[in-house]
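Q: Questions regarding the structure given below will be posed in turn.
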Amino acid sequence: DATATEFNVNITTNNSEWYITENLSWVSVSQTEGINNSTISILCDENLTSSSRYGYIYFYTKDGSQSRSLYISQAGQYILTLDTTSVTFRGDKATQTIPFTSNSYWYASTTESWISLSRTSGSTSYTSTDVTAAANNTGVTRSGKVIFRLGDSYTKEVIITQYYIPTLTSSATELRAPARSSSHSVSIEANTAWNITTDATWCTVVPSTSSGNGEVVISVTENPNYEERTATITITAGEAGPGYTNSTITITQNGRNAFDTNDWIENEDQGGVAE
């Protein structure tokens with residue numbers, strides 16, 4: 001086969017001196033001359049090409065009375081080396097490059113219709129193909145494969161994973177709170193998991209993580225200062241939306257001597273959407 005192989009050859013003569021000749025760069029002989037009977041070792045290097053190769057080793061007695069030849073053949077092998085075995089996409093349409101090297105003409109195909117390739121075949125001089133994932137509006141993460149093939153049966157795969165485009169809407173993007181401690185509910189509509197953080201210790205949100213549609217309660221402690229203060233609540237799409245724009249709610253709380261009301265005041269016709 002194509003792997004590095006070593007084997008022994010027994011040489012039998014009638015007390016004659018002998019020598020060996022060969023001009024195969026991929027073959028090494030442990031001993032090229034001797035006298036009488038001997039055992040030599042022959043090493044064939046691994047064949048890194050896709051083509052079979054062959055050659056001869058010649059044995060002679062120095063007096064010219066005898067000669068023999070040994071035929072050596074070695075199979076080729078297909079080799080394709082991928083720089084990566086997995087590619088991940090966000091939910092929107094995007095393209096990434098898959099680099100590779102090949103020692104033979106190659107073919108590439110995909111298992112899913114939403115995955116397309118810039119090049120589906122090529123010689124060894126072509127060392128990459130661009131893979132494009134169409135926008136994922138299904139609401140679920142999906143996966144597929146790019147399959148590279150050399151010859152009839154040698155294959156290697158790249159796993160393609162694509163998140164879905166998240167929708168994330170809050171019923172308010174701006175709120176004003178009185179100076180006293182208070183709470184308010186905000187509705188969230190989403191097709192993904194989501195997390196909520198706040199940049200102020202005096203403002204808390206429960207729950208801080210969930211998925212799908214839901215309601216959160218925003219609570220603020222009493223403002224001991226005369227000046228109003230502001231906190232920003234950030235709602236981040238979870239698994240489906242790494243890298244997407246977050247939705248935010250800005251809360252402004254009156255100072256202790258500022259105008260106060262018994263209820264929160266919501267800006268009308270406000271909504272937050274993460275696209």
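The chains in the structure tokens are called A, B, ... from first to last as shown; in each chain the residues are counted from 1, and the ligands are counted from 1 in the order shown.
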Return as a PyMOL selection string the full set of residues in region 25-105 of chain A whose backbone-based DSSP assignment is strand (DSSP E).
A: chain A and resi 27-29+33-35+38-44+53-61+67-74+80-82+86-89+94-102
Q: Can you pull out every residue within 10 Å of region 108-124 of chain A, counting only C-alpha atoms, but drop anything in the same chain fewer than 4 positions away, and send it as a PDB file with N, CA, C and O atoms, in the first residue's frame?
A:
ATOM      1  N   LEU A  80      -6.366  14.855   1.344  1.00  0.00           N
ATOM      2  CA  LEU A  80      -6.956  16.184   1.381  1.00  0.00           C
ATOM      3  C   LEU A  80      -6.894  16.674   2.818  1.00  0.00           C
ATOM      4  O   LEU A  80      -7.385  16.009   3.727  1.00  0.00           O
ATOM      5  N   LYS A  93     -27.802  35.792   5.886  1.00  0.00           N
ATOM      6  CA  LYS A  93     -27.021  35.228   4.788  1.00  0.00           C
ATOM      7  C   LYS A  93     -25.576  35.675   4.894  1.00  0.00           C
ATOM      8  O   LYS A  93     -25.285  36.856   5.114  1.00  0.00           O
ATOM      9  N   THR A  95     -21.133  34.430   3.871  1.00  0.00           N
ATOM     10  CA  THR A  95     -20.193  33.575   3.149  1.00  0.00           C
ATOM     11  C   THR A  95     -18.889  33.464   3.933  1.00  0.00           C
ATOM     12  O   THR A  95     -18.401  34.459   4.476  1.00  0.00           O
ATOM     13  N   GLN A  96     -18.341  32.267   4.003  1.00  0.00           N
ATOM     14  CA  GLN A  96     -17.031  32.039   4.594  1.00  0.00           C
ATOM     15  C   GLN A  96     -16.211  31.152   3.657  1.00  0.00           C
ATOM     16  O   GLN A  96     -16.760  30.444   2.814  1.00  0.00           O
ATOM     17  N   THR A  97     -14.893  31.199   3.833  1.00  0.00           N
ATOM     18  CA  THR A  97     -13.988  30.431   2.979  1.00  0.00           C
ATOM     19  C   THR A  97     -13.495  29.183   3.703  1.00  0.00           C
ATOM     20  O   THR A  97     -13.145  29.237   4.883  1.00  0.00           O
ATOM     21  N   ILE A  98     -13.489  28.058   2.991  1.00  0.00           N
ATOM     22  CA  ILE A  98     -12.919  26.816   3.511  1.00  0.00           C
ATOM     23  C   ILE A  98     -11.606  26.565   2.780  1.00  0.00           C
ATOM     24  O   ILE A  98     -11.601  26.181   1.608  1.00  0.00           O
ATOM     25  N   PHE A 100      -8.085  24.463   1.972  1.00  0.00           N
ATOM     26  CA  PHE A 100      -7.652  23.063   2.032  1.00  0.00           C
ATOM     27  C   PHE A 100      -6.513  22.856   1.047  1.00  0.00           C
ATOM     28  O   PHE A 100      -6.217  23.719   0.206  1.00  0.00           O
ATOM     29  N   THR A 101      -5.850  21.716   1.142  1.00  0.00           N
ATOM     30  CA  THR A 101      -4.870  21.290   0.145  1.00  0.00           C
ATOM     31  C   THR A 101      -5.221  19.883  -0.287  1.00  0.00           C
ATOM     32  O   THR A 101      -5.753  19.091   0.503  1.00  0.00           O
ATOM     33  N   SER A 102      -4.922  19.565  -1.534  1.00  0.00           N
ATOM     34  CA  SER A 102      -5.272  18.263  -2.088  1.00  0.00           C
ATOM     35  C   SER A 102      -4.146  17.779  -2.995  1.00  0.00           C
ATOM     36  O   SER A 102      -3.471  18.587  -3.646  1.00  0.00           O
ATOM     37  N   ASN A 103      -3.936  16.469  -3.042  1.00  0.00           N
ATOM     38  CA  ASN A 103      -2.922  15.927  -3.944  1.00  0.00           C
ATOM     39  C   ASN A 103      -3.544  15.328  -5.202  1.00  0.00           C
ATOM     40  O   ASN A 103      -2.889  14.606  -5.948  1.00  0.00           O
ATOM     41  N   SER A 104      -4.827  15.625  -5.452  1.00  0.00           N
ATOM     42  CA  SER A 104      -5.509  15.095  -6.624  1.00  0.00           C
ATOM     43  C   SER A 104      -6.683  15.998  -6.982  1.00  0.00           C
ATOM     44  O   SER A 104      -7.079  16.864  -6.190  1.00  0.00           O
ATOM     45  N   SER A 128      -9.165  26.420  -2.115  1.00  0.00           N
ATOM     46  CA  SER A 128     -10.244  26.901  -1.252  1.00  0.00           C
ATOM     47  C   SER A 128     -11.547  26.921  -2.033  1.00  0.00           C
ATOM     48  O   SER A 128     -11.546  26.920  -3.270  1.00  0.00           O
ATOM     49  N   THR A 129     -12.645  26.946  -1.300  1.00  0.00           N
ATOM     50  CA  THR A 129     -13.955  27.188  -1.880  1.00  0.00           C
ATOM     51  C   THR A 129     -14.756  28.011  -0.891  1.00  0.00           C
ATOM     52  O   THR A 129     -14.567  27.876   0.338  1.00  0.00           O
ATOM     53  N   ASP A 130     -15.603  28.887  -1.385  1.00  0.00           N
ATOM     54  CA  ASP A 130     -16.439  29.722  -0.520  1.00  0.00           C
ATOM     55  C   ASP A 130     -17.764  29.021  -0.283  1.00  0.00           C
ATOM     56  O   ASP A 130     -18.413  28.553  -1.225  1.00  0.00           O
ATOM     57  N   VAL A 131     -18.184  28.964   0.980  1.00  0.00           N
ATOM     58  CA  VAL A 131     -19.470  28.364   1.327  1.00  0.00           C
ATOM     59  C   VAL A 131     -20.408  29.479   1.788  1.00  0.00           C
ATOM     60  O   VAL A 131     -20.037  30.315   2.605  1.00  0.00           O
ATOM     61  N   THR A 132     -21.611  29.491   1.244  1.00  0.00           N
ATOM     62  CA  THR A 132     -22.609  30.507   1.573  1.00  0.00           C
ATOM     63  C   THR A 132     -23.819  29.842   2.200  1.00  0.00           C
ATOM     64  O   THR A 132     -24.335  28.850   1.686  1.00  0.00           O
ATOM     65  N   ALA A 133     -24.265  30.393   3.330  1.00  0.00           N
ATOM     66  CA  ALA A 133     -25.486  29.928   3.990  1.00  0.00           C
ATOM     67  C   ALA A 133     -26.574  30.969   3.765  1.00  0.00           C
ATOM     68  O   ALA A 133     -26.373  32.156   4.024  1.00  0.00           O
ATOM     69  N   ALA A 134     -27.719  30.533   3.248  1.00  0.00           N
ATOM     70  CA  ALA A 134     -28.846  31.438   3.056  1.00  0.00           C
ATOM     71  C   ALA A 134     -29.402  31.872   4.407  1.00  0.00           C
ATOM     72  O   ALA A 134     -29.146  31.231   5.436  1.00  0.00           O
ATOM     73  N   ALA A 135     -30.151  32.979   4.429  1.00  0.00           N
ATOM     74  CA  ALA A 135     -30.735  33.464   5.683  1.00  0.00           C
ATOM     75  C   ALA A 135     -31.633  32.394   6.297  1.00  0.00           C
ATOM     76  O   ALA A 135     -32.389  31.717   5.602  1.00  0.00           O
ATOM     77  N   ASN A 136     -31.514  32.240   7.615  1.00  0.00           N
ATOM     78  CA  ASN A 136     -32.285  31.222   8.340  1.00  0.00           C
ATOM     79  C   ASN A 136     -33.436  31.880   9.089  1.00  0.00           C
ATOM     80  O   ASN A 136     -33.264  32.444  10.167  1.00  0.00           O
ATOM     81  N   ARG A 142     -29.919  25.091  12.449  1.00  0.00           N
ATOM     82  CA  ARG A 142     -29.859  23.993  11.490  1.00  0.00           C
ATOM     83  C   ARG A 142     -28.411  23.656  11.147  1.00  0.00           C
ATOM     84  O   ARG A 142     -27.503  24.450  11.395  1.00  0.00           O
ATOM     85  N   SER A 143     -28.212  22.483  10.583  1.00  0.00           N
ATOM     86  CA  SER A 143     -26.864  22.050  10.245  1.00  0.00           C
ATOM     87  C   SER A 143     -26.867  21.248   8.961  1.00  0.00           C
ATOM     88  O   SER A 143     -27.898  20.721   8.523  1.00  0.00           O
ATOM     89  N   GLY A 144     -25.717  21.171   8.342  1.00  0.00           N
ATOM     90  CA  GLY A 144     -25.533  20.404   7.117  1.00  0.00           C
ATOM     91  C   GLY A 144     -24.054  20.116   6.939  1.00  0.00           C
ATOM     92  O   GLY A 144     -23.245  20.349   7.847  1.00  0.00           O
ATOM     93  N   LYS A 145     -23.688  19.627   5.761  1.00  0.00           N
ATOM     94  CA  LYS A 145     -22.303  19.244   5.514  1.00  0.00           C
ATOM     95  C   LYS A 145     -21.853  19.703   4.130  1.00  0.00           C
ATOM     96  O   LYS A 145     -22.645  19.760   3.193  1.00  0.00           O
ATOM     97  N   VAL A 146     -20.564  20.025   4.050  1.00  0.00           N
ATOM     98  CA  VAL A 146     -19.868  20.118   2.777  1.00  0.00           C
ATOM     99  C   VAL A 146     -18.995  18.872   2.682  1.00  0.00           C
ATOM    100  O   VAL A 146     -18.205  18.594   3.584  1.00  0.00           O
ATOM    101  N   ILE A 147     -19.150  18.106   1.608  1.00  0.00           N
ATOM    102  CA  ILE A 147     -18.424  16.848   1.454  1.00  0.00           C
ATOM    103  C   ILE A 147     -17.437  16.976   0.297  1.00  0.00           C
ATOM    104  O   ILE A 147     -17.821  17.268  -0.840  1.00  0.00           O
ATOM    105  N   PHE A 148     -16.148  16.765   0.603  1.00  0.00           N
ATOM    106  CA  PHE A 148     -15.104  16.758  -0.415  1.00  0.00           C
ATOM    107  C   PHE A 148     -14.805  15.307  -0.798  1.00  0.00           C
ATOM    108  O   PHE A 148     -14.725  14.432   0.068  1.00  0.00           O
ATOM    109  N   ARG A 149     -14.630  15.086  -2.091  1.00  0.00           N
ATOM    110  CA  ARG A 149     -14.358  13.728  -2.566  1.00  0.00           C
ATOM    111  C   ARG A 149     -13.161  13.727  -3.510  1.00  0.00           C
ATOM    112  O   ARG A 149     -13.048  14.573  -4.407  1.00  0.00           O
ATOM    113  N   LEU A 150     -12.279  12.741  -3.321  1.00  0.00           N
ATOM    114  CA  LEU A 150     -11.173  12.463  -4.227  1.00  0.00           C
ATOM    115  C   LEU A 150     -11.342  11.029  -4.719  1.00  0.00           C
ATOM    116  O   LEU A 150     -11.577  10.118  -3.906  1.00  0.00           O
ATOM    117  N   THR A 155     -13.415  10.540   1.024  1.00  0.00           N
ATOM    118  CA  THR A 155     -14.194  11.735   1.354  1.00  0.00           C
ATOM    119  C   THR A 155     -13.745  12.337   2.679  1.00  0.00           C
ATOM    120  O   THR A 155     -13.249  11.633   3.566  1.00  0.00           O
ATOM    121  N   LYS A 156     -13.958  13.639   2.793  1.00  0.00           N
ATOM    122  CA  LYS A 156     -13.810  14.358   4.063  1.00  0.00           C
ATOM    123  C   LYS A 156     -14.948  15.358   4.160  1.00  0.00           C
ATOM    124  O   LYS A 156     -15.426  15.871   3.142  1.00  0.00           O
ATOM    125  N   GLU A 157     -15.357  15.670   5.406  1.00  0.00           N
ATOM    126  CA  GLU A 157     -16.541  16.495   5.621  1.00  0.00           C
ATOM    127  C   GLU A 157     -16.225  17.736   6.454  1.00  0.00           C
ATOM    128  O   GLU A 157     -15.358  17.706   7.324  1.00  0.00           O
ATOM    129  N   VAL A 158     -16.971  18.803   6.181  1.00  0.00           N
ATOM    130  CA  VAL A 158     -16.972  20.007   7.009  1.00  0.00           C
ATOM    131  C   VAL A 158     -18.407  20.203   7.498  1.00  0.00           C
ATOM    132  O   VAL A 158     -19.339  20.262   6.689  1.00  0.00           O
ATOM    133  N   ILE A 160     -21.446  22.258   8.814  1.00  0.00           N
ATOM    134  CA  ILE A 160     -21.932  23.635   8.727  1.00  0.00           C
ATOM    135  C   ILE A 160     -23.075  23.800   9.733  1.00  0.00           C
ATOM    136  O   ILE A 160     -24.061  23.055   9.679  1.00  0.00           O
TER     137      ILE A 160
END
Q: Nearest to Ser182 (chain A) among A:Cys203, A:Ala94, A:Ile20, A:Ile11, with distances taken over only C-alpha atoms: which residue is it?
A: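 Smallest distance to Ser182 (chain A) is found for A:Cys203.
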Q: Please identify all polymer residues within 12 Å of region 25-37 of chain A, counting only C-alpha atoms, omitting same-chain residues fewer than 5 positions from it, and present them as number ranges by chain.
A: A: 2-20, 42-49, 53-63, 71-74
Q: Find the residues near Thr221 (chain A): any atom within 12 Å, counting only C-alpha atoms, skip ones fewer than 6 places away on the same chain, and give them as an NGL selection string.
A: :A and (177-183 or 200-205 or 229 or 231 or 253-256)
Q: Neighbouring residues of Val140 (chain A) were defined as those with any atom within 12 Å, considering only C-alpha atoms; residues of the same chain fewer than 2 positions away were excluded. Please report them as a list in words.
A: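 Everything that qualifies: Arg90, Gly91, Ala135, Asn136, Asn137, Thr138, Arg142, Ser143, Thr161, Gln162, Tyr163, Tyr164, Ile165, Pro166, Thr167, Asn191, Thr192, Ala193, Glu239, Ala240 and Gly241 of chain A.
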Q: Residues as selected, all heavy atoms, written as a compact mmCIF listing (two decimals), in the first residue's frame, can you do that?
A:
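Result file follows (result05.txt):
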# COMPACT_ATOMS: atom_id res chain seq x y z
N ARG A 90 -24.06 32.96 11.60
CA ARG A 90 -25.22 33.61 12.21
C ARG A 90 -26.44 33.34 11.34
O ARG A 90 -26.36 32.67 10.31
CB ARG A 90 -24.99 35.11 12.34
CG ARG A 90 -23.83 35.48 13.22
CD ARG A 90 -23.85 36.93 13.64
NE ARG A 90 -24.40 37.84 12.65
CZ ARG A 90 -24.67 39.11 12.87
NH1 ARG A 90 -24.47 39.61 14.08
NH2 ARG A 90 -25.15 39.89 11.93
N GLY A 91 -27.59 33.88 11.73
CA GLY A 91 -28.81 33.59 11.00
C GLY A 91 -28.95 34.28 9.66
O GLY A 91 -29.65 33.79 8.78
N ALA A 135 -30.15 32.98 4.43
CA ALA A 135 -30.74 33.46 5.68
C ALA A 135 -31.63 32.39 6.30
O ALA A 135 -32.39 31.72 5.60
CB ALA A 135 -31.53 34.74 5.42
N ASN A 136 -31.51 32.24 7.61
CA ASN A 136 -32.29 31.22 8.34
C ASN A 136 -33.44 31.88 9.09
O ASN A 136 -33.26 32.44 10.17
CB ASN A 136 -31.38 30.47 9.31
CG ASN A 136 -32.11 29.33 10.01
OD1 ASN A 136 -33.28 29.07 9.74
ND2 ASN A 136 -31.41 28.65 10.89
N ASN A 137 -34.62 31.79 8.51
CA ASN A 137 -35.82 32.34 9.13
C ASN A 137 -36.72 31.25 9.72
O ASN A 137 -37.89 31.48 9.97
CB ASN A 137 -36.61 33.15 8.10
CG ASN A 137 -35.83 34.35 7.60
OD1 ASN A 137 -35.44 35.21 8.38
ND2 ASN A 137 -35.60 34.41 6.29
N THR A 138 -36.15 30.07 9.95
CA THR A 138 -36.95 28.93 10.39
C THR A 138 -37.27 28.96 11.87
O THR A 138 -38.18 28.27 12.32
CB THR A 138 -36.23 27.61 10.08
OG1 THR A 138 -35.02 27.53 10.87
CG2 THR A 138 -35.86 27.53 8.59
N ARG A 142 -29.92 25.09 12.45
CA ARG A 142 -29.86 23.99 11.49
C ARG A 142 -28.41 23.66 11.15
O ARG A 142 -27.50 24.45 11.39
CB ARG A 142 -30.64 24.35 10.23
CG ARG A 142 -30.15 25.60 9.50
CD ARG A 142 -31.09 25.96 8.37
NE ARG A 142 -30.66 27.16 7.64
CZ ARG A 142 -31.34 27.72 6.65
NH1 ARG A 142 -32.49 27.19 6.26
NH2 ARG A 142 -30.89 28.80 6.02
N SER A 143 -28.21 22.48 10.58
CA SER A 143 -26.86 22.05 10.25
C SER A 143 -26.87 21.25 8.96
O SER A 143 -27.90 20.72 8.52
CB SER A 143 -26.25 21.22 11.38
OG SER A 143 -27.00 20.03 11.58
N THR A 161 -22.94 24.75 10.65
CA THR A 161 -23.99 25.05 11.63
C THR A 161 -24.42 26.50 11.45
O THR A 161 -23.58 27.39 11.34
CB THR A 161 -23.48 24.84 13.07
OG1 THR A 161 -23.04 23.48 13.22
CG2 THR A 161 -24.59 25.12 14.08
N GLN A 162 -25.73 26.71 11.44
CA GLN A 162 -26.25 28.07 11.29
C GLN A 162 -27.34 28.34 12.33
O GLN A 162 -28.30 27.59 12.43
CB GLN A 162 -26.82 28.30 9.89
CG GLN A 162 -27.24 29.75 9.65
CD GLN A 162 -27.91 29.96 8.31
OE1 GLN A 162 -28.61 29.08 7.83
NE2 GLN A 162 -27.70 31.13 7.71
N TYR A 163 -27.14 29.41 13.09
CA TYR A 163 -28.16 29.87 14.01
C TYR A 163 -29.30 30.51 13.22
O TYR A 163 -29.15 30.82 12.03
CB TYR A 163 -27.59 30.88 15.00
CG TYR A 163 -26.55 30.31 15.92
CD1 TYR A 163 -25.21 30.71 15.82
CD2 TYR A 163 -26.89 29.39 16.90
CE1 TYR A 163 -24.24 30.19 16.67
CE2 TYR A 163 -25.93 28.87 17.75
CZ TYR A 163 -24.61 29.27 17.64
OH TYR A 163 -23.66 28.75 18.46
N TYR A 164 -30.44 30.70 13.85
CA TYR A 164 -31.56 31.36 13.19
C TYR A 164 -31.58 32.84 13.54
O TYR A 164 -30.97 33.28 14.52
CB TYR A 164 -32.89 30.70 13.55
CG TYR A 164 -33.15 30.57 15.03
CD1 TYR A 164 -33.85 31.55 15.73
CD2 TYR A 164 -32.72 29.46 15.73
CE1 TYR A 164 -34.11 31.43 17.08
CE2 TYR A 164 -32.97 29.32 17.09
CZ TYR A 164 -33.66 30.30 17.76
OH TYR A 164 -33.90 30.17 19.09
N ILE A 165 -32.26 33.62 12.71
CA ILE A 165 -32.37 35.06 12.95
C ILE A 165 -33.33 35.28 14.12
O ILE A 165 -34.50 34.89 14.05
CB ILE A 165 -32.87 35.79 11.70
CG1 ILE A 165 -31.88 35.61 10.56
CG2 ILE A 165 -33.11 37.27 12.00
CD1 ILE A 165 -32.34 36.21 9.24
N PRO A 166 -32.87 35.89 15.20
CA PRO A 166 -33.74 36.06 16.36
C PRO A 166 -34.68 37.26 16.20
O PRO A 166 -34.33 38.26 15.59
CB PRO A 166 -32.75 36.31 17.49
CG PRO A 166 -31.60 36.99 16.84
CD PRO A 166 -31.51 36.40 15.46
N THR A 167 -35.87 37.13 16.75
CA THR A 167 -36.76 38.28 16.91
C THR A 167 -36.90 38.53 18.40
O THR A 167 -37.12 37.61 19.18
CB THR A 167 -38.14 38.01 16.28
OG1 THR A 167 -38.73 36.87 16.90
CG2 THR A 167 -38.00 37.76 14.79
N ASN A 191 -38.43 34.72 19.76
CA ASN A 191 -38.41 33.35 19.24
C ASN A 191 -37.14 32.62 19.66
O ASN A 191 -36.75 31.62 19.07
CB ASN A 191 -38.53 33.34 17.71
CG ASN A 191 -37.28 33.92 17.04
OD1 ASN A 191 -36.45 34.55 17.68
ND2 ASN A 191 -37.16 33.69 15.74
N THR A 192 -36.48 33.14 20.68
CA THR A 192 -35.21 32.60 21.12
C THR A 192 -35.06 32.75 22.62
O THR A 192 -35.86 33.44 23.27
CB THR A 192 -34.05 33.31 20.40
OG1 THR A 192 -32.81 32.74 20.82
CG2 THR A 192 -34.03 34.79 20.73
N ALA A 193 -34.04 32.15 23.16
CA ALA A 193 -33.70 32.40 24.55
C ALA A 193 -33.16 33.82 24.68
O ALA A 193 -32.63 34.39 23.73
CB ALA A 193 -32.66 31.39 25.03
N GLU A 239 -28.93 31.75 22.33
CA GLU A 239 -28.25 30.85 21.39
C GLU A 239 -28.41 31.26 19.94
O GLU A 239 -27.50 31.17 19.15
CB GLU A 239 -28.79 29.43 21.56
CG GLU A 239 -28.21 28.43 20.58
CD GLU A 239 -28.92 27.10 20.63
OE1 GLU A 239 -29.94 26.97 19.94
OE2 GLU A 239 -28.47 26.21 21.36
N ALA A 240 -29.60 31.73 19.59
CA ALA A 240 -29.88 32.01 18.18
C ALA A 240 -29.17 33.24 17.66
O ALA A 240 -28.98 33.37 16.46
CB ALA A 240 -31.38 32.18 17.97
N GLY A 241 -28.76 34.14 18.55
CA GLY A 241 -28.35 35.43 18.03
C GLY A 241 -27.02 35.98 18.46
O GLY A 241 -26.94 37.18 18.76
Q: In Å, how far is it from CA of Val217 (chain A) to CA of Ala237 (chain A)?
A: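 Answer for the CA of Val217 (chain A) to CA of Ala237 (chain A) separation: 18.3 Å.
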Q: As an exercise, work out the distance from CA of Glu189 (chain A) to CA of Thr88 (chain A) in Å and give it to one decimal place.
A: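 Value for the CA of Glu189 (chain A)-CA of Thr88 (chain A) distance: 25.9 Å.
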Q: By how many Å are CA of Asp83 (chain A) and CA of Ser50 (chain A) apart?
A: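 That distance, rounded to one decimal, is 20.2 Å.
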Q: Return the single residue from A:Ser38, A:Ser52, A:Thr252, A:Gln77 that is closest to Asn223 (chain A), with distances computed using only C-alpha atoms.
A: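 Among the listed residues, A:Thr252 lies closest to Asn223 (chain A).
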